[in-house]
$ cat upload.tsv   # TSV, C-alpha atoms
chain	number	residue	atom	x	y	z
A	1	MET	CA	-1.24	-9.17	-35.27
A	2	THR	CA	1.19	-11.36	-37.18
A	3	SER	CA	-0.13	-11.08	-40.73
A	4	GLU	CA	-2.01	-8.64	-42.95
A	5	HIS	CA	-4.58	-11.40	-43.44
A	6	LEU	CA	-5.18	-11.71	-39.70
A	7	ALA	CA	-7.82	-9.21	-38.59
A	8	LEU	CA	-7.28	-7.36	-35.33
A	9	GLY	CA	-10.00	-7.77	-32.75
A	10	ASP	CA	-10.51	-7.55	-29.00
A	11	THR	CA	-7.52	-7.11	-26.76
A	12	ASP	CA	-5.94	-10.26	-25.36
A	13	ALA	CA	-5.14	-8.41	-22.14
A	14	ASP	CA	-8.58	-9.11	-20.65
A	15	ALA	CA	-9.41	-12.80	-20.80
A	16	ARG	CA	-13.17	-13.36	-20.93
A	17	TRP	CA	-15.43	-16.16	-19.77
A	18	ILE	CA	-19.11	-16.30	-20.82
A	19	GLY	CA	-18.73	-12.80	-22.27
A	20	ILE	CA	-17.28	-11.09	-19.18
A	21	ARG	CA	-13.75	-10.61	-17.94
A	22	ARG	CA	-12.47	-13.19	-15.54
A	23	HIS	CA	-12.03	-10.86	-12.58
A	24	GLN	CA	-15.68	-9.84	-12.99
A	25	ALA	CA	-16.76	-13.47	-12.95
A	26	LEU	CA	-14.60	-14.13	-9.88
A	27	LEU	CA	-15.97	-11.14	-7.96
A	28	THR	CA	-19.57	-11.98	-8.88
A	29	VAL	CA	-19.29	-15.64	-7.89
A	30	ALA	CA	-17.50	-14.81	-4.63
A	31	GLY	CA	-20.05	-12.11	-3.77
A	32	LEU	CA	-23.05	-14.34	-4.47
A	33	ALA	CA	-21.48	-17.16	-2.43
A	34	ILE	CA	-21.03	-14.86	0.57
A	35	ILE	CA	-24.60	-13.52	0.24
A	36	GLY	CA	-25.94	-17.07	-0.05
A	37	ASP	CA	-24.03	-18.09	3.07
A	38	TRP	CA	-25.50	-15.08	4.92
A	39	VAL	CA	-29.02	-16.07	3.84
A	40	LEU	CA	-28.72	-19.76	4.75
A	41	ARG	CA	-26.68	-19.59	7.94
A	42	PRO	CA	-28.53	-18.58	11.15
A	43	ARG	CA	-27.37	-15.47	13.04
A	44	SER	CA	-24.99	-14.40	10.27
A	45	SER	CA	-23.21	-11.08	10.68
A	46	LEU	CA	-24.46	-8.08	8.73
A	47	ILE	CA	-20.84	-7.41	7.78
A	48	GLU	CA	-20.89	-10.58	5.69
A	49	LEU	CA	-23.88	-9.30	3.69
A	50	VAL	CA	-22.23	-5.92	3.14
A	51	LEU	CA	-19.02	-7.61	1.97
A	52	GLY	CA	-20.93	-9.79	-0.49
A	53	LEU	CA	-22.83	-6.81	-1.89
A	54	LEU	CA	-19.59	-4.84	-2.28
A	55	LEU	CA	-18.00	-7.67	-4.26
A	56	VAL	CA	-21.00	-7.92	-6.61
A	57	VAL	CA	-21.15	-4.14	-7.10
A	58	SER	CA	-17.38	-4.03	-7.75
A	59	ALA	CA	-17.88	-6.25	-10.79
A	60	ALA	CA	-20.38	-3.87	-12.45
A	61	PRO	CA	-19.04	-2.01	-15.53
A	62	VAL	CA	-19.02	1.80	-15.33
A	63	GLY	CA	-17.52	2.77	-18.71
A	64	ASP	CA	-14.12	3.32	-20.31
A	65	GLY	CA	-13.46	-0.42	-20.01
A	66	LEU	CA	-13.50	-0.26	-16.21
A	67	THR	CA	-15.54	-1.91	-13.52
A	68	SER	CA	-16.64	0.04	-10.44
A	69	GLY	CA	-14.01	-1.73	-8.34
A	70	GLN	CA	-11.26	-0.79	-10.76
A	71	TYR	CA	-12.53	2.79	-10.89
A	72	VAL	CA	-12.36	3.11	-7.10
A	73	GLY	CA	-8.86	1.61	-7.06
A	74	ILE	CA	-7.66	4.05	-9.74
A	75	GLY	CA	-9.15	6.97	-7.80
A	76	LEU	CA	-7.41	5.96	-4.57
A	77	SER	CA	-4.08	5.48	-6.36
A	78	PHE	CA	-4.42	8.87	-8.09
A	79	HIS	CA	-5.02	10.76	-4.83
A	80	LEU	CA	-2.25	8.98	-2.91
A	81	ARG	CA	0.64	9.34	-5.40
A	82	SER	CA	2.65	12.40	-6.39
A	83	HIS	CA	1.26	14.27	-9.40
A	84	TRP	CA	4.62	15.56	-10.60
A	85	ARG	CA	6.75	13.50	-12.96
A	86	THR	CA	10.15	14.21	-14.50
A	87	ILE	CA	11.35	12.57	-17.72
A	88	THR	CA	15.00	12.90	-18.76
A	89	LEU	CA	16.57	12.25	-22.16
A	90	GLU	CA	20.39	12.08	-22.21
A	91	PRO	CA	22.55	11.71	-25.35
A	92	SER	CA	24.79	8.63	-25.35
A	93	GLY	CA	26.89	8.67	-28.52
A	94	SER	CA	24.48	8.09	-31.41
A	95	ASN	CA	21.81	6.82	-28.99
A	96	HIS	CA	19.71	8.29	-26.19
A	97	VAL	CA	19.12	7.12	-22.63
A	98	LEU	CA	15.52	7.79	-21.66
A	99	HIS	CA	14.77	7.94	-17.93
A	100	ALA	CA	11.09	7.52	-17.09
A	101	ARG	CA	10.19	4.75	-14.64
A	102	ARG	CA	13.36	2.90	-15.63
A	103	PRO	CA	16.23	3.86	-17.95
A	104	VAL	CA	16.25	2.48	-21.49
A	105	THR	CA	18.77	3.10	-24.27
A	106	ILE	CA	17.14	3.78	-27.63
A	107	GLN	CA	18.08	4.87	-31.13
A	108	GLY	CA	15.78	6.89	-33.35
A	109	PHE	CA	15.30	6.84	-37.13
A	110	GLU	CA	13.13	9.11	-39.26
A	111	LEU	CA	11.25	7.76	-42.24
A	112	GLN	CA	12.23	9.36	-45.51
A	113	HIS	CA	8.83	9.40	-47.16
A	114	ARG	CA	7.73	11.08	-50.34
A	115	GLY	CA	4.59	13.13	-49.87
A	116	ARG	CA	2.20	12.45	-47.04
A	117	LEU	CA	2.52	9.04	-45.40
A	118	ASP	CA	-0.39	7.89	-43.27
A	119	LEU	CA	1.34	4.74	-41.89
A	120	SER	CA	-2.13	3.35	-41.21
A	121	GLY	CA	-1.70	0.64	-43.79
A	122	ALA	CA	-1.32	2.50	-47.10
A	123	ASP	CA	2.49	2.27	-47.31
A	124	VAL	CA	2.79	-1.43	-48.10
A	125	VAL	CA	6.55	-1.41	-48.76
A	126	ASN	CA	7.53	0.13	-45.43
A	127	ALA	CA	5.07	-2.07	-43.56
A	128	ALA	CA	6.61	-5.15	-45.20
A	129	ARG	CA	10.11	-4.05	-44.21
A	130	LEU	CA	9.05	-3.57	-40.61
A	131	THR	CA	7.44	-7.01	-40.67
A	132	GLU	CA	10.65	-8.58	-41.96
A	133	MET	CA	12.62	-6.83	-39.21
A	134	VAL	CA	10.46	-8.07	-36.32
A	135	ASN	CA	10.28	-11.56	-37.86
A	136	ALA	CA	14.07	-11.66	-37.93
A	137	MET	CA	14.15	-10.64	-34.26
A	138	ALA	CA	11.71	-13.44	-33.43
A	139	VAL	CA	13.66	-16.07	-35.39
A	140	ARG	CA	16.85	-15.11	-33.54
A	141	GLY	CA	14.97	-15.46	-30.27
A	142	GLN	CA	15.82	-11.83	-29.57
A	143	PRO	CA	13.02	-10.17	-27.58
A	144	GLY	CA	12.84	-6.46	-28.15
A	145	HIS	CA	10.64	-3.40	-28.31
A	146	VAL	CA	9.83	-1.49	-31.48
A	147	SER	CA	7.80	1.71	-31.57
A	148	VAL	CA	6.60	3.93	-34.40
A	149	HIS	CA	5.58	7.50	-33.63
A	150	ILE	CA	3.67	9.74	-36.05
A	151	ILE	CA	3.55	13.48	-35.36
A	152	ASN	CA	0.79	15.28	-37.24
A	153	SER	CA	0.67	19.06	-37.39
A	154	GLU	CA	-0.88	21.67	-39.64
A	155	ALA	CA	2.35	21.96	-41.62
A	156	SER	CA	3.69	18.42	-41.91
A	157	SER	CA	3.68	14.80	-40.80
A	158	ARG	CA	6.85	13.12	-39.51
A	159	THR	CA	7.44	9.51	-38.55
A	160	LEU	CA	9.94	8.14	-36.02
A	161	LEU	CA	11.07	4.54	-35.53
A	162	THR	CA	12.72	3.74	-32.20
A	163	LEU	CA	14.65	0.57	-31.44
A	164	ARG	CA	16.73	-0.72	-28.58
A	165	ALA	CA	20.43	0.04	-28.96
A	166	THR	CA	21.42	-3.43	-30.23
A	167	THR	CA	18.87	-3.59	-33.09
A	168	ASN	CA	19.50	-2.47	-36.67
A	169	ALA	CA	16.89	-0.43	-38.53
A	170	CYS	CA	15.43	-1.58	-41.82
A	171	GLU	CA	15.87	0.17	-45.16
A	172	GLY	CA	14.22	3.56	-45.66
A	173	TRP	CA	14.97	5.03	-42.21
A	174	THR	CA	17.80	7.44	-41.33
A	175	PRO	CA	19.15	8.34	-37.85
A	176	CYS	CA	17.52	11.45	-36.39
A	177	ALA	CA	18.24	12.48	-32.79
A	178	GLU	CA	16.25	15.72	-33.10
A	179	LEU	CA	13.00	13.89	-33.80
A	180	VAL	CA	13.48	11.68	-30.71
A	181	GLU	CA	13.65	14.83	-28.56
A	182	SER	CA	10.56	16.24	-30.28
A	183	VAL	CA	8.51	13.07	-29.69
A	184	VAL	CA	9.50	12.92	-26.01
A	185	GLY	CA	8.69	16.62	-25.58
A	186	ILE	CA	12.17	17.97	-24.88
A	187	ARG	CA	12.62	21.55	-26.06
A	188	GLY	CA	15.60	23.90	-25.83
A	189	PRO	CA	18.91	23.28	-24.02
A	190	THR	CA	17.37	21.34	-21.12
A	191	ASN	CA	17.21	17.56	-21.30
A	192	SER	CA	14.31	17.22	-18.85
A	193	LEU	CA	10.54	17.38	-19.15
A	194	HIS	CA	8.35	18.13	-16.13
A	195	ILE	CA	4.68	17.22	-16.31
A	196	LEU	CA	1.83	17.73	-13.85
A	197	GLU	CA	-0.83	15.04	-13.81
A	198	ARG	CA	-4.50	15.89	-13.47
A	199	TRP	CA	-7.45	13.51	-13.41
A	200	SER	CA	-8.08	13.62	-17.16
A	201	TYR	CA	-5.07	15.42	-18.69
A	202	LEU	CA	-1.43	16.41	-18.26
A	203	ARG	CA	0.09	19.88	-18.12
A	204	SER	CA	3.59	20.78	-19.29
A	205	ASN	CA	5.42	24.04	-20.03
A	206	GLU	CA	4.10	23.89	-23.63
A	207	GLY	CA	0.40	23.50	-22.84
A	208	VAL	CA	-1.90	20.60	-22.03
A	209	LEU	CA	-2.20	17.11	-23.47
A	210	ARG	CA	-4.14	13.90	-23.06
A	211	VAL	CA	-3.21	10.31	-23.88
A	212	LEU	CA	-5.89	7.99	-25.28
A	213	ARG	CA	-5.58	4.26	-26.00
A	214	VAL	CA	-7.16	2.23	-28.79
A	215	ASN	CA	-8.39	-0.92	-27.08
A	216	ASP	CA	-10.64	-2.72	-29.57
A	217	PHE	CA	-10.32	-3.12	-33.35
A	218	SER	CA	-13.06	-5.74	-33.81
A	219	ALA	CA	-15.54	-3.39	-35.54
A	220	ALA	CA	-12.99	-1.79	-37.89
A	221	PRO	CA	-13.81	-2.37	-41.59
A	222	SER	CA	-11.47	-4.74	-43.40
A	223	ASP	CA	-11.41	-2.75	-46.65
A	224	ARG	CA	-9.58	0.31	-45.31
A	225	ALA	CA	-6.58	1.17	-43.14
A	226	VAL	CA	-7.42	0.99	-39.43
A	227	LEU	CA	-6.11	4.44	-38.38
A	228	GLU	CA	-6.70	6.30	-41.64
A	229	HIS	CA	-9.87	8.13	-40.60
A	230	LEU	CA	-8.46	9.08	-37.20
A	231	GLN	CA	-5.37	10.66	-38.74
A	232	GLY	CA	-7.26	12.44	-41.48
A	233	ARG	CA	-9.92	14.02	-39.26
A	234	THR	CA	-7.82	15.28	-36.36
A	235	ARG	CA	-4.80	17.55	-36.55
A	236	ASN	CA	-2.08	18.40	-33.99
A	237	LEU	CA	-1.97	14.92	-32.54
A	238	GLY	CA	0.53	12.12	-32.25
A	239	ILE	CA	0.05	8.39	-32.67
A	240	ALA	CA	2.35	5.88	-30.97
A	241	LEU	CA	2.36	2.24	-32.09
A	242	HIS	CA	4.25	-0.11	-29.77
A	243	PHE	CA	5.30	-3.66	-30.59
A	244	ASP	CA	6.85	-5.94	-27.99
A	245	VAL	CA	8.47	-8.82	-29.88
A	246	VAL	CA	8.06	-12.22	-28.23
A	247	GLY	CA	10.42	-14.76	-29.73
A	248	GLY	CA	11.23	-18.44	-29.69
A	249	VAL	CA	9.59	-21.04	-27.48
A	250	LYS	CA	7.83	-18.44	-25.36
A	251	ALA	CA	5.83	-17.18	-28.35
A	252	GLN	CA	4.67	-20.69	-29.23
A	253	ARG	CA	3.74	-21.36	-25.61
A	254	ILE	CA	1.69	-18.15	-25.35
A	255	SER	CA	-0.16	-18.71	-28.64
A	256	GLY	CA	-0.89	-22.36	-27.79
A	257	ARG	CA	-2.13	-21.40	-24.34
A	258	ALA	CA	-4.53	-18.86	-25.86
A	259	VAL	CA	-6.03	-21.51	-28.15
A	260	HIS	CA	-6.45	-23.92	-25.24
A	261	ARG	CA	-8.01	-21.25	-23.03
A	262	MET	CA	-10.56	-20.12	-25.59
A	263	GLY	CA	-11.39	-23.68	-26.61
A	264	SER	CA	-11.93	-24.85	-23.04
A	265	ASP	CA	-13.98	-21.75	-22.20
A	266	GLY	CA	-16.17	-22.40	-25.24
A	267	ALA	CA	-16.70	-26.01	-24.19
A	268	ALA	CA	-17.60	-24.89	-20.64
A	269	THR	CA	-20.14	-22.32	-21.83
A	270	ARG	CA	-21.82	-24.86	-24.13
A	271	ALA	CA	-21.93	-27.41	-21.30
A	272	ILE	CA	-23.97	-25.07	-19.09
A	273	GLY	CA	-26.40	-24.15	-21.87
A	274	PHE	CA	-24.88	-21.07	-23.55
A	275	ARG	CA	-24.35	-21.03	-27.31
A	276	ARG	CA	-21.14	-19.82	-28.87
A	277	SER	CA	-21.66	-16.41	-30.44
A	278	ALA	CA	-20.35	-15.48	-33.87
A	279	ARG	CA	-17.91	-13.09	-32.23
A	280	THR	CA	-16.53	-15.85	-29.99
A	281	ALA	CA	-16.21	-18.21	-32.95
A	282	ARG	CA	-14.30	-15.55	-34.91
A	283	SER	CA	-11.98	-14.96	-31.93
A	284	LEU	CA	-11.22	-18.68	-31.70
A	285	GLU	CA	-10.55	-18.76	-35.44
A	286	ARG	CA	-8.21	-15.79	-35.04
A	287	VAL	CA	-6.12	-17.35	-32.26
A	288	ASN	CA	-5.93	-20.65	-34.17
A	289	GLU	CA	-4.57	-18.81	-37.18
A	290	ARG	CA	-2.15	-16.92	-34.98
A	291	GLU	CA	-0.80	-20.16	-33.50
A	292	GLN	CA	-0.17	-21.52	-37.00
A	293	LEU	CA	1.63	-18.33	-38.07
A	294	VAL	CA	3.85	-18.33	-34.98
A	295	ALA	CA	4.71	-22.01	-35.57
A	296	SER	CA	5.75	-21.12	-39.15
A	297	GLY	CA	8.21	-18.46	-37.94
A	298	GLN	CA	6.11	-15.28	-37.85
A	299	ALA	CA	6.66	-12.93	-34.93
A	300	LEU	CA	4.25	-12.80	-32.02
A	301	LEU	CA	3.73	-9.18	-31.00
A	302	LYS	CA	2.26	-7.50	-27.97
A	303	PHE	CA	0.66	-4.52	-29.65
A	304	ALA	CA	-0.62	-1.19	-28.33
A	305	VAL	CA	-1.81	2.03	-29.96
A	306	PHE	CA	-1.84	5.37	-28.13
A	307	VAL	CA	-3.18	8.71	-29.37
A	308	ILE	CA	-1.62	11.86	-27.92
A	309	VAL	CA	-3.77	14.98	-28.22
A	310	ARG	CA	-2.10	18.35	-27.55
A	311	ALA	CA	-3.52	21.85	-27.23
A	312	ALA	CA	-2.64	25.30	-25.90
A	313	THR	CA	-5.67	25.58	-23.60
A	314	LEU	CA	-7.91	23.19	-21.72
A	315	SER	CA	-11.00	24.13	-23.76
A	316	GLU	CA	-9.16	23.42	-27.03
A	317	LEU	CA	-7.97	20.10	-25.60
A	318	ARG	CA	-11.52	19.01	-24.74
A	319	LEU	CA	-12.71	19.77	-28.28
A	320	SER	CA	-9.73	17.95	-29.84
A	321	VAL	CA	-10.25	14.90	-27.63
A	322	LEU	CA	-13.94	14.73	-28.56
A	323	ALA	CA	-13.02	14.98	-32.25
A	324	ALA	CA	-10.42	12.20	-31.89
A	325	VAL	CA	-12.81	9.89	-30.02
A	326	ARG	CA	-15.58	10.55	-32.55
A	327	ALA	CA	-13.24	9.85	-35.48
A	328	GLY	CA	-12.13	6.62	-33.83
A	329	GLU	CA	-15.69	5.46	-33.20
A	330	GLU	CA	-16.62	6.21	-36.82
A	331	SER	CA	-13.74	3.91	-37.82
A	332	GLY	CA	-15.00	1.09	-35.60
A	333	LEU	CA	-12.38	1.62	-32.88
A	334	ARG	CA	-13.02	1.65	-29.15
A	335	ILE	CA	-10.93	4.36	-27.52
A	336	GLU	CA	-10.29	4.51	-23.78
A	337	ARG	CA	-9.78	7.94	-22.20
A	338	GLY	CA	-7.48	6.92	-19.35
A	339	VAL	CA	-8.98	8.91	-16.48
A	340	GLY	CA	-6.73	8.82	-13.42
A	341	ARG	CA	-3.96	7.11	-15.40
A	342	GLN	CA	-2.60	9.87	-17.61
A	343	ALA	CA	0.94	9.86	-16.17
A	344	HIS	CA	1.16	6.07	-16.54
A	345	TRP	CA	-0.12	6.15	-20.11
A	346	TYR	CA	2.29	8.94	-21.03
A	347	GLY	CA	5.11	6.68	-19.88
A	348	PHE	CA	3.66	3.75	-21.85
A	349	GLN	CA	3.64	5.69	-25.12
A	350	LEU	CA	7.19	7.07	-24.86
A	351	PRO	CA	9.80	5.80	-27.36
A	352	GLY	CA	11.32	2.51	-26.31
A	353	GLY	CA	8.49	1.62	-23.96
A	354	PRO	CA	10.34	2.40	-20.68
A	355	ASP	CA	7.19	1.82	-18.61
A	356	TRP	CA	6.23	-1.50	-20.24
$ encode --input "upload.tsv" --output "structure tokens"
Amino acid sequence: MTSEHLALGDTDADARWIGIRRHQALLTVAGLAIIGDWVLRPRSSLIELVLGLLLVVSAAPVGDGLTSGQYVGIGLSFHLRSHWRTITLEPSGSNHVLHARRPVTIQGFELQHRGRLDLSGADVVNAARLTEMVNAMAVRGQPGHVSVHIINSEASSRTLLTLRATTNACEGWTPCAELVESVVGIRGPTNSLHILERWSYLRSNEGVLRVLRVNDFSAAPSDRAVLEHLQGRTRNLGIALHFDVVGGVKAQRISGRAVHRMGSDGAATRAIGFRRSARTARSLERVNEREQLVASGQALLKFAVFVIVRAATLSELRLSVLAAVRAGEESGLRIERGVGRQAHWYGFQLPGGPDW
């Protein structure tokens, strides 16, 4: 995430131990301990057995990167919360104040590109300028949020860069308030957007949409741009790339902790008889390289990619989502569909990252 030579891989959000996420290991161990206690202790309550079985079952994966326990929790949260959400965008001089979960002041800049820009890695000059900008933020110890939004349509492709109000844009970008409103979804004289959340999509006054998230880049080929195939195969979609800049001592502490965690986990798995897989070895190599880059002054970024699919009808949306997921899988990307979390993910992908 800090260098073009550093390949992207699995997300760091889910720490793994012996190939499974840590909460799965915790639930499994706790469940088996309770079941073992029920078996060994005389006159144990049946409730104890049921509790142990529920913990073990909760750790089982069910798809879309979720375990059964997480799936149940998402379902309960979806049915208990309000399904209406209002997003407001208010002009503030040359900036905008975006009200989602919390207000954030942002400024928007449009890329002046010649011809079609795919921003998936082909435009080396603009990518280098963005890298220099976030590196400067990290050197100053100035944490911040940078997002790049690409709007693809049948007629054109436009690119928006959003920064917090105190950050200067790099060369090649010009202020554009109109494009900020278009990315958020504001149309006409009103400055508000009302969306209705459903289990697998969102509905607004302009149609229906669905937010997908790219969660794994480990199988993406190294000889081509990561998002190139996804952008070329699917029209009428948006792509949001979010970068949270972590600067100073905190970045070095996080990168060093990741190396220690993966190294100690590898030693523990070998001690109990498991061999280190090639994938685990590559992940350890990646975090070691990342620690060295951060120590040399490169920025440490929390990175997320969202794909926003829009359509006029629900049937068109289903077909477009299937095409986007298929194009991502053909590129070696794992795409999560965000069932039960569409309102949250819509807030995550908004300019400025107000829900981060």
$ atom_distance --input "upload.tsv" --atom1 "CA of Ile34 in chain A" --atom2 "CA of Gly63 in chain A"
26.4 Å
$ atom_distance --input "upload.tsv" --atom1 "CA of Gly69 in chain A" --atom2 "CA of Ala33 in chain A"
18.1 Å
$ closest_atom_pairs --input "upload.tsv" --of "range 274-329 of chain A" --to "range 242-255 of chain A" --cutoff "6 Å" --atoms "all atoms listed in the file" --output "JSON lines"
{"residue": "A:Glu291", "atom": "CA", "partner": "A:Ser255", "partner_atom": "CA", "distance": 5.1}
{"residue": "A:Leu300", "atom": "CA", "partner": "A:Val246", "partner_atom": "CA", "distance": 5.4}
{"residue": "A:Leu301", "atom": "CA", "partner": "A:Val245", "partner_atom": "CA", "distance": 4.9}
{"residue": "A:Lys302", "atom": "CA", "partner": "A:Asp244", "partner_atom": "CA", "distance": 4.8}
{"residue": "A:Phe303", "atom": "CA", "partner": "A:Phe243", "partner_atom": "CA", "distance": 4.8}
{"residue": "A:Ala304", "atom": "CA", "partner": "A:His242", "partner_atom": "CA", "distance": 5.2}
$ closest_residue --input "upload.tsv" --among "A:Ala312, A:Arg81, A:Ala299, A:Arg22" --to "Met133 in chain A" --atoms "all atoms listed in the file"
A:Ala299
$ closest_residue --input "upload.tsv" --among "A:Leu230, A:Ala343, A:Leu179, A:Ala128" --to "Ile195 in chain A" --atoms "all atoms listed in the file"
A:Ala343
$ residues_around --input "upload.tsv" --residues "range 151-162 of chain A" --least-positions-apart "4" --cutoff "8 Å" --atoms "all atoms listed in the file" --output "PyMOL selection string"
chain A and resi 106-111+116-117+146-147+173+179-180+183+231+235-239+351-352
$ write_last_selection --input "upload.tsv" --atoms "C-alpha atoms" --output "short mmCIF file (atom, residue, chain, number, x, y, z; two decimals), in the frame of the given file"
data_model
loop_
_atom_site.label_atom_id
_atom_site.label_comp_id
_atom_site.auth_asym_id
_atom_site.auth_seq_id
_atom_site.Cartn_x
_atom_site.Cartn_y
_atom_site.Cartn_z
CA ILE A 106 17.14 3.78 -27.63
CA GLN A 107 18.08 4.87 -31.13
CA GLY A 108 15.78 6.89 -33.35
CA PHE A 109 15.30 6.84 -37.13
CA GLU A 110 13.13 9.11 -39.26
CA LEU A 111 11.25 7.76 -42.24
CA ARG A 116 2.20 12.45 -47.04
CA LEU A 117 2.52 9.04 -45.40
CA VAL A 146 9.83 -1.49 -31.48
CA SER A 147 7.80 1.71 -31.57
CA TRP A 173 14.97 5.03 -42.21
CA LEU A 179 13.00 13.89 -33.80
CA VAL A 180 13.48 11.68 -30.71
CA VAL A 183 8.51 13.07 -29.69
CA GLN A 231 -5.37 10.66 -38.74
CA ARG A 235 -4.80 17.55 -36.55
CA ASN A 236 -2.08 18.40 -33.99
CA LEU A 237 -1.97 14.92 -32.54
CA GLY A 238 0.53 12.12 -32.25
CA ILE A 239 0.05 8.39 -32.67
CA PRO A 351 9.80 5.80 -27.36
CA GLY A 352 11.32 2.51 -26.31
#
$ atom_distance --input "upload.tsv" --atom1 "CA of Phe348 in chain A" --atom2 "CA of Arg203 in chain A"
16.9 Å
